file structure_25.cif (mmCIF, C-alpha atoms)
data_target
#
loop_
_atom_site.label_atom_id
_atom_site.label_comp_id
_atom_site.auth_asym_id
_atom_site.auth_seq_id
_atom_site.Cartn_x
_atom_site.Cartn_y
_atom_site.Cartn_z
CA MET A 1220 -30.85 -160.19 -26.13
CA HIS A 1221 -28.20 -157.56 -25.56
CA ILE A 1222 -27.46 -154.85 -28.11
CA PRO A 1223 -24.16 -154.99 -30.05
CA ASP A 1224 -21.84 -152.02 -30.63
CA GLY A 1225 -22.73 -149.57 -33.37
CA LEU A 1226 -26.51 -149.66 -33.08
CA ILE A 1227 -27.07 -147.12 -30.32
CA SER A 1228 -26.05 -143.51 -30.34
CA PRO A 1229 -23.73 -141.65 -27.93
CA GLN A 1230 -26.82 -139.58 -27.00
CA THR A 1231 -28.17 -142.82 -25.52
CA TYR A 1232 -25.15 -144.64 -24.13
CA LEU A 1233 -23.49 -141.64 -22.46
CA PRO A 1234 -26.54 -140.78 -20.29
CA ALA A 1235 -26.93 -144.51 -19.63
CA LEU A 1236 -23.33 -144.60 -18.43
CA ALA A 1237 -23.98 -141.62 -16.17
CA LEU A 1238 -26.95 -143.47 -14.71
CA ALA A 1239 -25.23 -146.84 -14.43
CA ALA A 1240 -21.99 -145.62 -12.85
CA PRO A 1241 -23.44 -144.64 -9.44
CA LEU A 1242 -25.54 -147.80 -9.45
CA TRP A 1243 -22.38 -149.87 -10.00
CA VAL A 1244 -20.76 -148.09 -7.05
CA MET A 1245 -23.78 -148.87 -4.84
CA ALA A 1246 -23.78 -152.48 -6.03
CA ALA A 1247 -20.05 -152.79 -5.34
CA ARG A 1248 -20.63 -151.55 -1.79
CA SER A 1249 -23.37 -154.11 -1.33
CA VAL A 1250 -21.09 -156.88 -2.61
CA ARG A 1251 -18.24 -155.75 -0.35
CA ALA A 1252 -20.53 -155.68 2.68
CA ARG A 1253 -21.90 -159.17 2.10
CA MET A 1254 -18.99 -160.99 0.52
CA GLY A 1255 -17.58 -163.86 2.53
CA ASP A 1256 -15.55 -166.97 1.84
CA GLU A 1257 -18.74 -168.99 1.38
CA MET A 1258 -20.41 -166.60 -1.00
CA LEU A 1259 -17.43 -165.87 -3.26
CA PRO A 1260 -17.12 -169.33 -4.87
CA ARG A 1261 -20.88 -169.63 -5.36
CA LEU A 1262 -21.14 -166.20 -6.90
CA ALA A 1263 -18.23 -167.04 -9.21
CA VAL A 1264 -19.95 -170.25 -10.32
CA PHE A 1265 -23.35 -168.63 -10.87
CA THR A 1266 -21.75 -165.74 -12.76
CA ALA A 1267 -19.93 -168.27 -14.95
CA LEU A 1268 -23.24 -170.09 -15.46
CA ALA A 1269 -24.94 -166.85 -16.54
CA PHE A 1270 -22.02 -166.20 -18.91
CA LEU A 1271 -22.36 -169.63 -20.50
CA LEU A 1272 -26.15 -169.32 -20.82
CA SER A 1273 -25.80 -165.97 -22.54
CA THR A 1274 -23.24 -167.19 -25.08
CA LEU A 1275 -25.77 -169.39 -26.85
CA MET A 1276 -27.10 -166.73 -29.21
CA LEU A 1277 -29.84 -166.63 -31.81
CA PRO A 1278 -30.05 -163.51 -34.04
CA LEU A 1279 -33.46 -161.80 -33.98
CA PRO A 1280 -35.04 -159.56 -36.64
CA GLY A 1281 -34.93 -156.51 -34.35
CA GLY A 1282 -31.16 -156.17 -34.75
CA THR A 1283 -30.36 -157.92 -31.53
CA SER A 1284 -30.03 -161.53 -30.46
CA GLY A 1285 -31.94 -163.99 -28.32
CA HIS A 1286 -30.43 -166.15 -25.61
CA LEU A 1287 -31.01 -167.18 -22.03
CA VAL A 1288 -29.95 -164.44 -19.60
CA GLY A 1289 -29.44 -165.92 -16.14
CA VAL A 1290 -29.81 -162.63 -14.31
CA GLY A 1291 -33.08 -163.73 -12.68
CA LEU A 1292 -31.31 -166.69 -11.16
CA LEU A 1293 -28.51 -164.46 -9.88
CA ALA A 1294 -31.05 -162.05 -8.37
CA LEU A 1295 -33.03 -164.81 -6.66
CA VAL A 1296 -29.94 -166.47 -5.20
CA PHE A 1297 -27.83 -163.43 -4.30
CA GLY A 1298 -30.17 -160.43 -4.37
CA PRO A 1299 -30.62 -157.75 -7.04
CA TRP A 1300 -27.58 -155.55 -6.28
CA ILE A 1301 -25.13 -158.42 -6.53
CA ALA A 1302 -26.96 -159.74 -9.59
CA PHE A 1303 -26.59 -156.33 -11.26
CA LEU A 1304 -22.84 -156.25 -10.68
CA ALA A 1305 -22.33 -159.91 -11.58
CA TYR A 1306 -24.29 -159.50 -14.79
CA THR A 1307 -22.26 -156.41 -15.69
CA LEU A 1308 -19.19 -158.63 -15.34
CA VAL A 1309 -20.85 -161.19 -17.63
CA LEU A 1310 -21.46 -158.49 -20.26
CA LEU A 1311 -17.89 -157.21 -19.88
CA LEU A 1312 -16.50 -160.70 -20.28
CA GLN A 1313 -18.61 -161.21 -23.37
CA ALA A 1314 -17.28 -158.00 -24.88
CA LEU A 1315 -13.62 -158.48 -23.87
CA VAL A 1316 -13.20 -162.24 -24.16
CA VAL A 1317 -15.69 -163.38 -26.77
CA GLY A 1318 -16.19 -160.11 -28.64
CA ALA A 1319 -19.98 -160.37 -28.34
CA GLY A 1320 -22.26 -157.52 -27.31
CA GLY A 1321 -20.32 -154.32 -27.00
CA ILE A 1322 -18.52 -151.87 -24.82
CA THR A 1323 -20.45 -148.74 -25.85
CA SER A 1324 -23.73 -150.56 -25.38
CA LEU A 1325 -22.61 -151.99 -22.03
CA PRO A 1326 -24.36 -149.37 -19.83
CA VAL A 1327 -27.67 -149.81 -21.66
CA ASN A 1328 -27.43 -153.60 -21.59
CA ALA A 1329 -26.37 -153.62 -17.95
CA LEU A 1330 -29.20 -151.32 -16.92
CA ALA A 1331 -31.89 -153.18 -18.88
CA LEU A 1332 -30.80 -156.75 -18.22
CA GLY A 1333 -28.81 -156.54 -15.01
CA PHE A 1334 -30.59 -153.80 -13.11
CA VAL A 1335 -34.18 -153.77 -14.33
CA GLY A 1336 -34.26 -157.51 -15.12
CA GLY A 1337 -32.70 -158.41 -11.78
CA TRP A 1338 -34.77 -156.09 -9.61
CA CYS A 1339 -37.96 -156.97 -11.47
CA THR A 1340 -37.45 -160.73 -10.96
CA TRP A 1341 -36.47 -160.32 -7.32
CA GLY A 1342 -39.32 -157.90 -6.52
CA LEU A 1343 -41.96 -159.99 -8.26
CA TYR A 1344 -40.73 -163.15 -6.56
CA ARG A 1345 -41.16 -161.52 -3.17
CA LEU A 1346 -44.58 -160.24 -4.18
CA LEU A 1347 -45.79 -163.58 -5.53
CA ARG A 1348 -44.32 -165.92 -2.90
CA GLY A 1349 -47.82 -166.65 -1.66
CA TRP A 1350 -48.51 -168.55 -4.90
CA GLY A 1351 -45.91 -171.16 -4.00
CA GLU A 1352 -42.21 -171.06 -4.71
CA THR A 1353 -42.21 -172.76 -8.11
CA MET A 1354 -44.95 -170.57 -9.54
CA ALA A 1355 -43.47 -167.39 -8.04
CA VAL A 1356 -39.98 -168.12 -9.44
CA ALA A 1357 -41.36 -169.03 -12.87
CA VAL A 1358 -43.65 -166.02 -13.21
CA ALA A 1359 -41.10 -163.58 -11.77
CA THR A 1360 -38.37 -164.85 -14.11
CA TRP A 1361 -40.62 -164.73 -17.16
CA LEU A 1362 -41.75 -161.19 -16.38
CA GLY A 1363 -38.19 -160.10 -15.53
CA VAL A 1364 -36.91 -161.22 -18.93
CA MET A 1365 -39.89 -159.68 -20.73
CA THR A 1366 -39.46 -156.35 -18.93
CA ALA A 1367 -35.78 -156.22 -19.89
CA ALA A 1368 -36.69 -157.11 -23.50
CA LEU A 1369 -39.36 -154.39 -23.51
CA LEU A 1370 -36.83 -151.82 -22.31
CA LEU A 1371 -34.24 -152.81 -24.90
CA ALA A 1372 -36.88 -152.74 -27.64
CA LEU A 1373 -37.84 -149.20 -26.61
CA VAL A 1374 -34.20 -148.04 -26.48
CA LEU A 1375 -33.57 -149.47 -29.94
CA GLY A 1376 -36.86 -148.20 -31.30
CA LEU A 1377 -36.11 -144.65 -30.16
CA GLN A 1378 -32.77 -144.50 -31.98
CA PRO A 1379 -34.19 -143.11 -35.28
CA VAL A 1380 -35.76 -140.28 -33.27
CA ILE A 1381 -32.71 -139.63 -31.08
CA ALA A 1382 -30.00 -139.78 -33.76
CA HIS A 1383 -30.72 -138.90 -37.39
CA GLY A 1384 -29.19 -136.81 -40.15
CA PRO A 1385 -30.55 -133.47 -41.43
CA ASP A 1386 -32.69 -135.32 -43.99
CA GLY A 1387 -34.11 -137.64 -41.37
CA THR A 1388 -31.95 -140.64 -42.32
CA PRO A 1389 -31.13 -142.67 -39.21
CA LEU A 1390 -27.51 -142.68 -38.04
CA PHE A 1391 -27.70 -145.77 -35.88
CA PHE A 1392 -30.53 -148.27 -35.48
CA PRO A 1393 -33.07 -147.63 -38.26
CA PHE A 1394 -36.39 -149.08 -37.06
CA GLY A 1395 -38.97 -147.59 -34.70
CA PRO A 1396 -40.87 -149.25 -31.84
CA ALA A 1397 -43.47 -150.61 -34.27
CA VAL A 1398 -40.76 -153.01 -35.49
CA THR A 1399 -38.61 -153.49 -32.39
CA LEU A 1400 -41.40 -154.25 -29.94
CA PRO A 1401 -42.83 -157.30 -31.72
CA ALA A 1402 -39.39 -158.34 -33.01
CA LEU A 1403 -38.03 -158.64 -29.49
CA LEU A 1404 -41.08 -159.41 -27.38
CA VAL A 1405 -42.55 -162.26 -29.43
CA PRO A 1406 -39.44 -164.52 -29.52
CA HIS A 1407 -38.55 -163.56 -25.97
CA ALA A 1408 -41.93 -164.76 -24.74
CA PHE A 1409 -40.67 -168.27 -25.63
CA ILE A 1410 -37.07 -167.68 -24.56
CA ALA A 1411 -38.31 -166.37 -21.20
CA ALA A 1412 -40.43 -169.50 -20.74
CA GLY A 1413 -37.30 -171.64 -21.20
CA GLU A 1414 -35.41 -169.39 -18.83
CA ALA A 1415 -38.21 -169.65 -16.25
CA ALA A 1416 -38.07 -173.47 -16.37
CA LEU A 1417 -34.29 -173.47 -16.01
CA THR A 1418 -34.41 -170.94 -13.17
CA VAL A 1419 -36.98 -173.02 -11.27
CA LEU A 1420 -34.77 -176.11 -11.65
CA VAL A 1421 -31.54 -174.45 -10.53
CA PHE A 1422 -33.16 -172.31 -7.82
CA ARG A 1423 -34.77 -175.36 -6.19
CA HIS A 1424 -31.40 -177.10 -6.31
CA ALA A 1425 -29.71 -174.04 -4.78
CA ARG A 1426 -32.33 -174.00 -2.01
CA ARG A 1427 -31.69 -177.68 -1.22
CA ARG A 1428 -27.94 -177.00 -1.07
CA ARG A 1429 -28.53 -173.91 1.13
CA TRP A 1430 -26.77 -171.68 -1.38
CA VAL A 1431 -29.51 -169.06 -1.44
CA GLU A 1432 -28.31 -165.92 0.32
CA THR A 1433 -30.79 -163.87 2.30
CA ALA A 1434 -31.67 -161.37 -0.39
CA THR A 1435 -31.87 -157.78 0.76
CA MET B 105 2.04 -151.28 -19.71
CA LYS B 106 1.71 -152.13 -23.41
CA HIS B 107 -1.49 -154.07 -22.81
CA ARG B 108 -2.96 -151.34 -20.59
CA VAL B 109 -2.30 -148.71 -23.27
CA ALA B 110 -3.81 -151.04 -25.87
CA LEU B 111 -6.93 -151.53 -23.73
CA TRP B 112 -7.48 -147.78 -23.29
CA SER B 113 -6.69 -147.15 -26.98
CA TRP B 114 -9.27 -149.73 -27.97
CA LEU B 115 -11.87 -148.08 -25.71
CA ALA B 116 -11.09 -144.64 -27.19
CA ALA B 117 -11.25 -145.98 -30.75
CA VAL B 118 -14.61 -147.66 -30.14
CA VAL B 119 -16.14 -144.50 -28.69
CA ALA B 120 -14.65 -142.36 -31.49
CA THR B 121 -16.14 -144.70 -34.10
CA THR B 122 -19.65 -144.02 -32.79
CA LEU B 123 -19.07 -140.26 -33.12
CA VAL B 124 -18.19 -140.41 -36.84
CA HIS B 125 -20.99 -140.43 -39.42
CA ALA B 126 -18.94 -140.02 -42.62
CA PRO B 127 -18.66 -143.30 -44.55
CA MET B 128 -15.36 -142.19 -46.15
CA VAL B 129 -13.75 -141.67 -42.75
CA LEU B 130 -15.12 -144.96 -41.42
CA GLY B 131 -13.90 -146.77 -44.54
CA ALA B 132 -10.42 -145.26 -44.18
CA ALA B 133 -10.38 -146.19 -40.49
CA LEU B 134 -11.37 -149.76 -41.38
CA VAL B 135 -8.51 -150.06 -43.89
CA LEU B 136 -6.05 -148.51 -41.41
CA ALA B 137 -7.16 -150.83 -38.60
CA LEU B 138 -6.86 -153.80 -40.91
CA LEU B 139 -3.35 -152.83 -42.01
CA ALA B 140 -2.24 -152.07 -38.46
CA SER B 141 -3.57 -155.35 -37.07
CA GLY B 142 -0.54 -157.18 -38.48
CA ARG B 143 -0.31 -160.80 -39.54
CA GLY B 144 -3.50 -162.81 -39.62
CA ARG B 145 -5.53 -159.75 -40.64
CA VAL B 146 -7.68 -161.67 -43.12
CA ARG B 147 -8.61 -164.19 -40.47
CA LEU B 148 -9.32 -161.33 -38.06
CA LEU B 149 -11.61 -159.60 -40.56
CA TRP B 150 -13.37 -162.88 -41.26
CA ARG B 151 -13.87 -163.47 -37.55
CA ALA B 152 -15.22 -159.94 -37.00
CA THR B 153 -17.51 -160.10 -40.03
CA ARG B 154 -18.84 -163.52 -39.10
CA MET B 155 -19.71 -162.21 -35.65
CA VAL B 156 -21.87 -159.32 -36.87
CA ALA B 157 -23.06 -160.78 -40.17
CA PRO B 158 -26.41 -162.15 -38.93
CA VAL B 159 -27.44 -158.83 -37.36
CA LEU B 160 -26.16 -156.79 -40.32
CA LEU B 161 -27.87 -159.01 -42.87
CA LEU B 162 -31.19 -158.81 -41.06
CA LEU B 163 -30.97 -155.05 -40.57
CA SER B 164 -29.74 -154.30 -44.08
CA ALA B 165 -32.35 -156.50 -45.75
CA GLY B 166 -35.14 -155.10 -43.59
CA TYR B 167 -34.12 -151.49 -44.08
CA GLY B 168 -33.45 -152.01 -47.80
CA MET B 169 -36.93 -153.39 -48.39
CA LEU B 170 -38.63 -150.72 -46.28
CA ALA B 171 -36.74 -147.84 -47.93
CA TRP B 172 -37.35 -149.27 -51.42
CA TRP B 173 -41.07 -149.61 -50.68
CA GLN B 174 -41.21 -146.03 -49.36
CA GLY B 175 -39.08 -144.69 -52.24
CA ARG B 176 -36.34 -143.40 -49.92
CA PRO B 177 -32.58 -143.49 -50.63
CA VAL B 178 -31.08 -146.61 -49.15
CA VAL B 179 -27.40 -146.92 -50.08
CA ASP B 180 -25.90 -144.14 -47.92
CA TYR B 181 -27.39 -145.44 -44.69
CA LEU B 182 -26.54 -149.07 -45.41
CA VAL B 183 -22.91 -148.18 -46.19
CA LEU B 184 -22.68 -146.14 -42.98
CA LEU B 185 -24.26 -148.83 -40.80
CA ASN B 186 -22.25 -151.72 -42.25
CA LEU B 187 -18.94 -149.86 -42.18
CA ARG B 188 -19.42 -148.73 -38.59
CA VAL B 189 -20.52 -152.09 -37.23
CA VAL B 190 -17.79 -154.01 -39.10
CA LEU B 191 -15.14 -151.51 -37.94
CA LEU B 192 -16.31 -151.85 -34.33
CA ALA B 193 -16.32 -155.63 -34.62
CA LEU B 194 -12.83 -155.57 -36.16
CA LEU B 195 -11.48 -153.36 -33.37
CA THR B 196 -12.99 -155.67 -30.77
CA ALA B 197 -11.75 -158.86 -32.47
CA TRP B 198 -8.28 -157.28 -32.63
CA ALA B 199 -8.45 -156.37 -28.94
CA VAL B 200 -9.65 -159.87 -28.01
CA ARG B 201 -6.76 -161.39 -30.00
CA ASP B 202 -3.91 -159.13 -28.87
CA ILE B 203 -4.72 -157.69 -25.45
CA ASP B 204 -3.81 -159.82 -22.46
CA LEU B 205 -6.50 -158.78 -19.99
CA ASP B 206 -4.55 -160.14 -17.07
CA ARG B 207 -1.66 -157.78 -17.80
CA ALA B 208 -3.88 -154.89 -18.85
CA LEU B 209 -5.72 -155.03 -15.53
CA ALA B 210 -2.55 -155.33 -13.43
CA PRO B 211 -3.05 -151.89 -11.76
CA TYR B 212 -6.63 -152.88 -10.80
CA PRO B 213 -6.21 -155.98 -8.60
CA VAL B 214 -9.88 -156.35 -7.66
CA ALA B 215 -11.05 -156.26 -11.28
CA ARG B 216 -8.21 -158.58 -12.28
CA ARG B 217 -9.12 -161.05 -9.54
CA TRP B 218 -12.78 -161.13 -10.51
CA PHE B 219 -11.97 -161.64 -14.17
CA ALA B 220 -9.58 -164.46 -13.26
CA ILE B 221 -12.10 -166.18 -10.96
CA VAL B 222 -15.04 -166.02 -13.36
CA ARG B 223 -12.94 -166.99 -16.38
CA SER B 224 -11.57 -169.99 -14.52
CA GLN B 225 -15.12 -171.01 -13.58
CA VAL B 226 -16.26 -170.72 -17.19
CA THR B 227 -13.41 -173.04 -18.19
CA VAL B 228 -14.26 -175.49 -15.38
CA PHE B 229 -17.94 -175.47 -16.37
CA ARG B 230 -17.18 -176.12 -20.03
CA ARG B 231 -14.84 -178.95 -19.14
CA LEU B 232 -17.36 -180.54 -16.76
CA ALA B 233 -20.15 -180.29 -19.33
CA THR B 234 -17.96 -181.93 -21.98
CA GLU B 235 -16.90 -184.70 -19.60
CA TYR B 236 -20.46 -185.45 -18.44
CA ARG B 237 -21.79 -185.38 -22.00
CA ALA B 238 -19.08 -187.79 -23.11
CA ALA B 239 -19.87 -190.05 -20.14
CA VAL B 240 -23.58 -190.17 -21.04
CA LEU B 241 -22.86 -190.85 -24.70
CA SER B 242 -20.48 -193.67 -23.85
CA ARG B 243 -23.20 -195.35 -21.77
CA SER B 244 -26.01 -194.94 -24.32
CA THR B 245 -26.51 -197.72 -26.84
CA VAL B 246 -29.52 -196.12 -28.56
CA PRO B 247 -30.12 -192.41 -29.28
CA PRO B 248 -32.09 -190.84 -26.37
CA THR B 249 -35.57 -189.39 -26.93
CA LEU B 250 -36.13 -185.64 -26.53
CA ARG B 251 -37.66 -186.18 -23.07
CA GLN B 252 -34.68 -188.29 -22.03
CA ARG B 253 -32.32 -185.64 -23.33
CA TYR B 254 -34.01 -182.94 -21.28
CA ARG B 255 -34.02 -185.10 -18.14
CA ALA B 256 -30.38 -186.09 -18.62
CA GLY B 257 -29.43 -182.50 -19.42
CA ALA B 258 -31.08 -181.24 -16.23
CA ALA B 259 -29.47 -183.94 -14.08
CA LEU B 260 -26.07 -183.41 -15.67
CA GLY B 261 -26.36 -179.64 -15.40
CA LEU B 262 -27.09 -179.83 -11.68
CA ALA B 263 -24.28 -182.35 -11.13
CA ALA B 264 -21.90 -180.06 -13.01
CA LEU B 265 -23.11 -177.14 -10.87
CA ASP B 266 -22.34 -179.10 -7.67
CA LYS B 267 -18.91 -180.01 -8.94
CA ALA B 268 -18.21 -176.45 -10.08
CA VAL B 269 -19.17 -175.05 -6.66
CA TYR B 270 -16.97 -177.65 -4.97
CA ASN B 271 -14.04 -176.75 -7.26
CA SER B 272 -14.64 -173.06 -6.73
CA GLU B 273 -14.69 -173.48 -2.93
CA ALA B 274 -11.38 -175.33 -3.10
CA LEU B 275 -9.96 -172.60 -5.33
CA THR B 276 -11.17 -169.85 -2.99
CA GLN B 277 -9.66 -171.59 0.04
CA GLY B 278 -6.39 -171.95 -1.87
CA MET B 279 -6.41 -168.26 -2.79
CA ARG B 280 -7.32 -167.27 0.77
CA SER B 281 -4.52 -169.38 2.27
CA ARG B 282 -2.02 -167.70 -0.08
CA GLY B 283 -3.22 -164.20 0.83
CA ALA B 284 -4.67 -163.47 -2.61
CA LEU B 285 -7.98 -162.26 -1.12
CA ASP B 286 -6.56 -160.18 1.69
CA ASP B 287 -6.90 -156.70 0.17
#
call {"tool": "encode", "arguments": {"input": "structure_25.cif", "output": "structure tokens"}}
result
Amino acid sequence: MHIPDGLISPQTYLPALALAAPLWVMAARSVRARMGDEMLPRLAVFTALAFLLSTLMLPLPGGTSGHLVGVGLLALVFGPWIAFLAYTLVLLLQALVVGAGGITSLPVNALALGFVGGWCTWGLYRLLRGWGETMAVAVATWLGVMTAALLLALVLGLQPVIAHGPDGTPLFFPFGPAVTLPALLVPHAFIAAGEAALTVLVFRHARRRRWVETAT
Amino acid sequence: MKHRVALWSWLAAVVATTLVHAPMVLGAALVLALLASGRGRVRLLWRATRMVAPVLLLLSAGYGMLAWWQGRPVVDYLVLLNLRVVLLALLTAWAVRDIDLDRALAPYPVARRWFAIVRSQVTVFRRLATEYRAAVLSRSTVPPTLRQRYRAGAALGLAALDKAVYNSEALTQGMRSRGALDD
């Protein structure tokens, strides 16, 4: 669902970069503190899995694209800080290797998908654990994806207000929230359901294999 | 050195493109980038355009209809949007084709290592998925139902995950024993 280059203004991505940069530093510290020889290969594999899931793209009317994300799985297995950093790497790889997504939109995408999506899934899972693991993982993943989609829809929908010419003509993304919200949220309600099912499957497998790190 | 300069130049060009709102300047930059990209420029432009075409078509059609219905001018904005997005896609496709990330990231060993590890895992995953899919197909005499496909896909996905983790552990131990993870 990430935003490609050219649709968001510098007035949006520069503040987003200023916000994301210290969070990346904090996440890097968390990774450094917890990284061991057992965790490194698993993190590499799960990051690669998230990369592959997010390369299967479907263009959506809101000017973005729909695909599985994989950040919820990363957050549940490794914790939200590591998930944030790993997902940033996924977005970077997509921009630099595949040419998908974008480098100017990276901070916005990383914050919405990696940070908010990851923390939301992880926090909700901890909150809902009393419902049983399967239900908690499914609901937390679904809501994590939907929250990230909501945030991206709002960022896109605010572009005509943030960046426009003297005559009011938009300079970047042209549609307001009335278009972006349904355009992103409706298809993502189904995409998030698929992602929830996949996350339940892989998370249960990771539990059985004792790959799940104690999330902090 | 050449690749590092190219990487930073690409980053600067991408940011600069988002600061320009004059279609003439963006058009000139697009032509210049195309000329400077060397041999295979038509294929590069095709690749870049194909990448952004679905989004641009949806946005242009949507905005065109809305502006026409509201009686607002439509051409200027559509030219600006399409030129900017195609130029950005062209710059990125050019960078993807010509910049060797491994060399460009040489002064940043941690970043280089992470890129190498994750890229290798992506390759391993793709190969495993292809191998497992081929194995299933070779053992199936009749086309599987949708339910069977899902069940097989889940089982194969988890088997590929196990194998990928095993491969990655072996790779990490190899890197550790050679001192590649010591810094």
call {"tool": "closest_atom_pairs", "arguments": {"input": "structure_25.cif", "of": "chain B", "to": "chain A", "cutoff": "9 Å", "atoms": "only C-alpha atoms", "output": "tab-separated table"}}
result
residue	atom	partner	partner_atom	distance
B:Leu115	CA	A:Ile1322	CA	7.7
B:Val118	CA	A:Thr1323	CA	7.3
B:Val119	CA	A:Thr1323	CA	6.7
B:Thr121	CA	A:Gly1225	CA	8.2
B:Thr122	CA	A:Gly1225	CA	6.4
B:Leu123	CA	A:Pro1229	CA	7.1
B:His125	CA	A:Leu1390	CA	7.0
B:Ala152	CA	A:Gly1318	CA	8.4
B:Met155	CA	A:Ala1319	CA	7.5
B:Val156	CA	A:Pro1223	CA	8.4
B:Pro158	CA	A:Pro1278	CA	6.2
B:Val159	CA	A:Gly1282	CA	5.3
B:Leu160	CA	A:Gly1282	CA	7.5
B:Leu162	CA	A:Pro1280	CA	5.9
B:Leu163	CA	A:Gly1282	CA	5.9
B:Gly166	CA	A:Pro1280	CA	8.3
B:Tyr167	CA	A:Pro1393	CA	7.1
B:Pro177	CA	A:Thr1388	CA	8.8
B:Asp180	CA	A:Thr1388	CA	9.0
B:Tyr181	CA	A:Thr1388	CA	7.0
B:Leu184	CA	A:Leu1390	CA	7.7
B:Leu185	CA	A:Phe1391	CA	6.7
B:Arg188	CA	A:Gly1225	CA	6.2
B:Val189	CA	A:Gly1225	CA	5.1
B:Val190	CA	A:Gly1225	CA	8.8
B:Leu192	CA	A:Asp1224	CA	6.7
B:Ala193	CA	A:Gly1318	CA	7.5
B:Thr196	CA	A:Gly1318	CA	5.9
B:Ala197	CA	A:Gly1318	CA	6.0
B:Ala199	CA	A:Leu1315	CA	7.5
B:Val200	CA	A:Val1316	CA	5.7
B:Arg201	CA	A:Val1316	CA	8.7
B:Leu205	CA	A:Leu1315	CA	8.1
B:Trp218	CA	A:Ala1263	CA	8.1
B:Phe219	CA	A:Leu1312	CA	7.7
B:Ile221	CA	A:Ala1263	CA	6.4
B:Val222	CA	A:Ala1263	CA	5.3
B:Arg223	CA	A:Ala1267	CA	7.2
B:Ser224	CA	A:Ala1267	CA	8.5
B:Gln225	CA	A:Ala1267	CA	5.7
B:Val226	CA	A:Ala1267	CA	4.9
B:Thr227	CA	A:Ala1267	CA	8.7
B:Phe229	CA	A:Ala1267	CA	7.6
B:Arg230	CA	A:Leu1271	CA	8.3
B:Ala258	CA	A:Leu1420	CA	7.8
B:Gly261	CA	A:Val1421	CA	8.8
B:Leu262	CA	A:Val1421	CA	7.1
B:Leu265	CA	A:Val1264	CA	7.6
B:Asp266	CA	A:Arg1428	CA	8.9
B:Ala268	CA	A:Val1264	CA	6.4
B:Val269	CA	A:Arg1261	CA	5.8
B:Tyr270	CA	A:Pro1260	CA	8.3
B:Asn271	CA	A:Pro1260	CA	8.4
B:Ser272	CA	A:Pro1260	CA	4.9
B:Glu273	CA	A:Pro1260	CA	5.2
B:Ala274	CA	A:Pro1260	CA	8.5
B:Leu275	CA	A:Pro1260	CA	7.9
B:Thr276	CA	A:Pro1260	CA	6.3
B:Gln277	CA	A:Asp1256	CA	7.7
B:Arg280	CA	A:Asp1256	CA	8.3
call {"tool": "atom_distance", "arguments": {"input": "structure_25.cif", "atom1": "atom CA of Ser1249 of chain A", "atom2": "atom CA of Cys1339 of chain A"}}
result
18.0 Å
call {"tool": "atom_distance", "arguments": {"input": "structure_25.cif", "atom1": "atom CA of Leu182 of chain B", "atom2": "atom CA of Leu1310 of chain A"}}
result
27.3 Å
call {"tool": "resolve_selection", "arguments": {"input": "structure_25.cif", "expression": "the PyMOL selection byres ((chain A and resi 1298) around 10)", "output": "list in words"}}
result
Ser1249, Val1250, Gly1291, Leu1292, Leu1293, Ala1294, Leu1295, Val1296, Phe1297, Pro1299, Trp1300, Ile1301, Ala1302, Phe1303, Gly1337, Trp1338, Thr1340, Trp1341, Gly1342, Val1431, Glu1432, Thr1433, Ala1434 and Thr1435 of chain A
call {"tool": "write_last_selection", "arguments": {"input": "structure_25.cif", "atoms": "C-alpha atoms", "output": "tab-separated table (two decimals), in the frame of the given file"}}
result
chain	number	residue	atom	x	y	z
A	1249	SER	CA	-23.37	-154.11	-1.33
A	1250	VAL	CA	-21.09	-156.88	-2.61
A	1291	GLY	CA	-33.08	-163.73	-12.68
A	1292	LEU	CA	-31.31	-166.69	-11.16
A	1293	LEU	CA	-28.51	-164.46	-9.88
A	1294	ALA	CA	-31.05	-162.05	-8.37
A	1295	LEU	CA	-33.03	-164.81	-6.66
A	1296	VAL	CA	-29.94	-166.47	-5.20
A	1297	PHE	CA	-27.83	-163.43	-4.30
A	1299	PRO	CA	-30.62	-157.75	-7.04
A	1300	TRP	CA	-27.58	-155.55	-6.28
A	1301	ILE	CA	-25.13	-158.42	-6.53
A	1302	ALA	CA	-26.96	-159.74	-9.59
A	1303	PHE	CA	-26.59	-156.33	-11.26
A	1337	GLY	CA	-32.70	-158.41	-11.78
A	1338	TRP	CA	-34.77	-156.09	-9.61
A	1340	THR	CA	-37.45	-160.73	-10.96
A	1341	TRP	CA	-36.47	-160.32	-7.32
A	1342	GLY	CA	-39.32	-157.90	-6.52
A	1431	VAL	CA	-29.51	-169.06	-1.44
A	1432	GLU	CA	-28.31	-165.92	0.32
A	1433	THR	CA	-30.79	-163.87	2.30
A	1434	ALA	CA	-31.67	-161.37	-0.39
A	1435	THR	CA	-31.87	-157.78	0.76
call {"tool": "residues_around", "arguments": {"input": "structure_25.cif", "residues": "Met1365 of chain A", "least_positions_apart": "5", "cutoff": "12 Å", "atoms": "only C-alpha atoms", "output": "ChimeraX atom specification"}}
result
/A:1220,1285,1287-1288,1291,1331-1332,1335-1337,1339-1340,1358-1360,1370-1372,1400-1401,1403-1412,1414-1415
call {"tool": "resolve_selection", "arguments": {"input": "structure_25.cif", "expression": "the PyMOL selection byres ((chain A and resi 1242) around 12)", "output": "PyMOL selection string"}}
result
chain A and resi 1235-1241+1243-1249+1299-1301+1303-1304+1307+1326+1329-1330+1333-1335
call {"tool": "closest_residue", "arguments": {"input": "structure_25.cif", "among": "B:Gly168, B:Leu285, B:Met128, B:Arg143", "to": "Pro213 of chain B", "atoms": "all atoms listed in the file"}}
result
B:Leu285
call {"tool": "closest_residue", "arguments": {"input": "structure_25.cif", "among": "A:Arg1427, A:Ser1324, A:Gly1255, A:Leu1343", "to": "Thr1366 of chain A", "atoms": "all atoms listed in the file"}}
result
A:Leu1343
